[in-house]
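The block underneath contains the structure these notes are about, expressed in structure tokens.
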Amino acid sequence: VTAADATAPTDEPSCSASTDGVSGSCASEPSFARIVAIPDIHGDLHHYRQSLRLAGVVDSEDAPIEWTAGDSTHLVQTGDVVDRGQHSLLIMDMLANLTTRAKRVGGKVTALMGNHELMSGLMDDTRYVHKDEILLLGTKELDAMRELGGEGMGTSHGISAKWQTGTMVWHRSFGPDAKQGRRLRRRRPLATVAGTGFCKSLFSHAGVRSRHLDMFNGGVDAMNEAAAAAIQGKPDIGWLHHHPLYDNESPVWNRFYSSEDGDVCD
């Protein structure tokens, strides 16, 4: 968890994602006294709650989580909420709820797109989804089917049935018209600008390079708009790894800034 105190005058114009999280123009919006960034959560509910409390945006690690930072804080979550841990979908719901609660009192939460949202959420690559999360989804779905008479349709509770059904539910959850699918397609910019003065910073999951902005005349908002347009309403986007804003050198995938300092600075 990282935080910065922005001491520059408030209401300085800044280019950041609009209220729908994917578009907008450079416009004046209130700045925040604190900018807090939380990186990869990866389905780890326990440490997610700890991170929020450590960041000072909630005062308890217990559910339900309430935003307690008032109008002073902008929380930026830099992507990779999902995969590896077993509470990916729950954390996505909690993050969306926290976004709403922050907005009500003048605070702000921005959740960015990570490569794992792309893989398991939009490209049907479930290799990194925790097996217990898949099995739990399958169990709940099979239980619901059985209550509706699914036994007669051959419904069972074996591991294989749970796995196949859970995987189906996961994919369905990220469809263009499903709750999680809409969130990723409409409210996950690739990058956002937060802070003012010396604390004004550009946030992304993997790193924004000049080439990414040059495609859109240096505009973060234009880049976010193009990225959102590429995935809006499209159920089959397996081709996405060929798109310049989603390929291996994109803001969600590139490893440039983890290179040797000399290579990066040159």
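Convention: chains lettered A, B, ... in structure tokens order; per-chain residue numbering from 1; ligands numbered from 1 as shown.
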
>> Could you pull out the strand (DSSP E) residues of range 125-237 of chain A, going by DSSP on the backbone, and write them as a PyMOL selection string?
In response: chain A and resi 191-194+201-204

Export, as a short mmCIF file (atom, residue, chain, number, x, y, z; two decimals), in the first residue's frame, the selected residues with C-alpha atoms.
data_model
loop_
_atom_site.label_atom_id
_atom_site.label_comp_id
_atom_site.auth_asym_id
_atom_site.auth_seq_id
_atom_site.Cartn_x
_atom_site.Cartn_y
_atom_site.Cartn_z
CA ALA A 191 -4.73 4.26 -16.60
CA THR A 192 -5.73 7.22 -14.50
CA VAL A 193 -4.11 10.45 -13.34
CA ALA A 194 -4.43 11.33 -9.67
CA SER A 201 0.91 10.65 -10.82
CA LEU A 202 -0.07 8.36 -13.67
CA PHE A 203 -1.27 4.96 -12.48
CA SER A 204 -1.58 1.75 -14.50
#

>> So that I can see what lies close to His74 in chain A, please list as a PyMOL selection string the residues with an atom at most 8 Å from it, counting only C-alpha atoms and leaving out residues fewer than 6 positions away in the same chain.
In response: chain A and resi 32+34-36+107-110+194

May I have the residues from that selection written out with C-alpha atoms, as a PDB file, in the first residue's frame?
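Output contents, as saved in selection21.pdb:
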ATOM      1  CA  PHE A  32      -7.752  14.941  -2.766  1.00  0.00           C
ATOM      2  CA  ARG A  34      -4.397  11.779   0.032  1.00  0.00           C
ATOM      3  CA  ILE A  35      -3.774   9.455  -2.878  1.00  0.00           C
ATOM      4  CA  VAL A  36      -3.602   5.788  -1.860  1.00  0.00           C
ATOM      5  CA  GLY A 107     -14.204  10.403  -1.859  1.00  0.00           C
ATOM      6  CA  LYS A 108     -13.157   8.393  -4.885  1.00  0.00           C
ATOM      7  CA  VAL A 109     -12.173   4.847  -5.826  1.00  0.00           C
ATOM      8  CA  THR A 110     -10.678   4.010  -9.225  1.00  0.00           C
ATOM      9  CA  ALA A 194      -4.434  11.333  -9.666  1.00  0.00           C
TER      10      ALA A 194
END

Any chance you could tabulate, as JSON lines, the residues of range 124-230 of chain A at most 7 Å from range 250-255 of chain A with each one's nearest atom pair and distance in Å to one decimal, using only C-alpha atoms, in chain and rising number order?
{"residue": "A:Leu190", "atom": "CA", "partner": "A:Pro251", "partner_atom": "CA", "distance": 6.6}
{"residue": "A:Ser204", "atom": "CA", "partner": "A:Pro251", "partner_atom": "CA", "distance": 6.5}
{"residue": "A:His205", "atom": "CA", "partner": "A:Val252", "partner_atom": "CA", "distance": 5.3}
{"residue": "A:Ala206", "atom": "CA", "partner": "A:Val252", "partner_atom": "CA", "distance": 4.9}
{"residue": "A:Gly207", "atom": "CA", "partner": "A:Pro251", "partner_atom": "CA", "distance": 4.9}
{"residue": "A:Val208", "atom": "CA", "partner": "A:Pro251", "partner_atom": "CA", "distance": 5.0}

Sorted by chain and rising residue number, which residues of range 137-237 of chain A lie within 10 Å of range 85-101 of chain A, and what are their closest atom pairs and distances in Å to one decimal, counting only C-alpha atoms, as CSV?
residue,atom,partner,partner_atom,distance
A:Trp170,CA,A:Leu89,CA,9.1
A:Ser173,CA,A:Leu89,CA,9.1
A:Lys179,CA,A:Asp93,CA,9.4
A:Gln180,CA,A:Met92,CA,7.8
A:Arg183,CA,A:Ala96,CA,8.5
A:Leu184,CA,A:Met92,CA,10.0
A:Arg187,CA,A:Ala96,CA,9.8

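Across the structure, CA of Arg185 in chain A and CA of Phe216 in chain A are spaced 19.8 Å apart.
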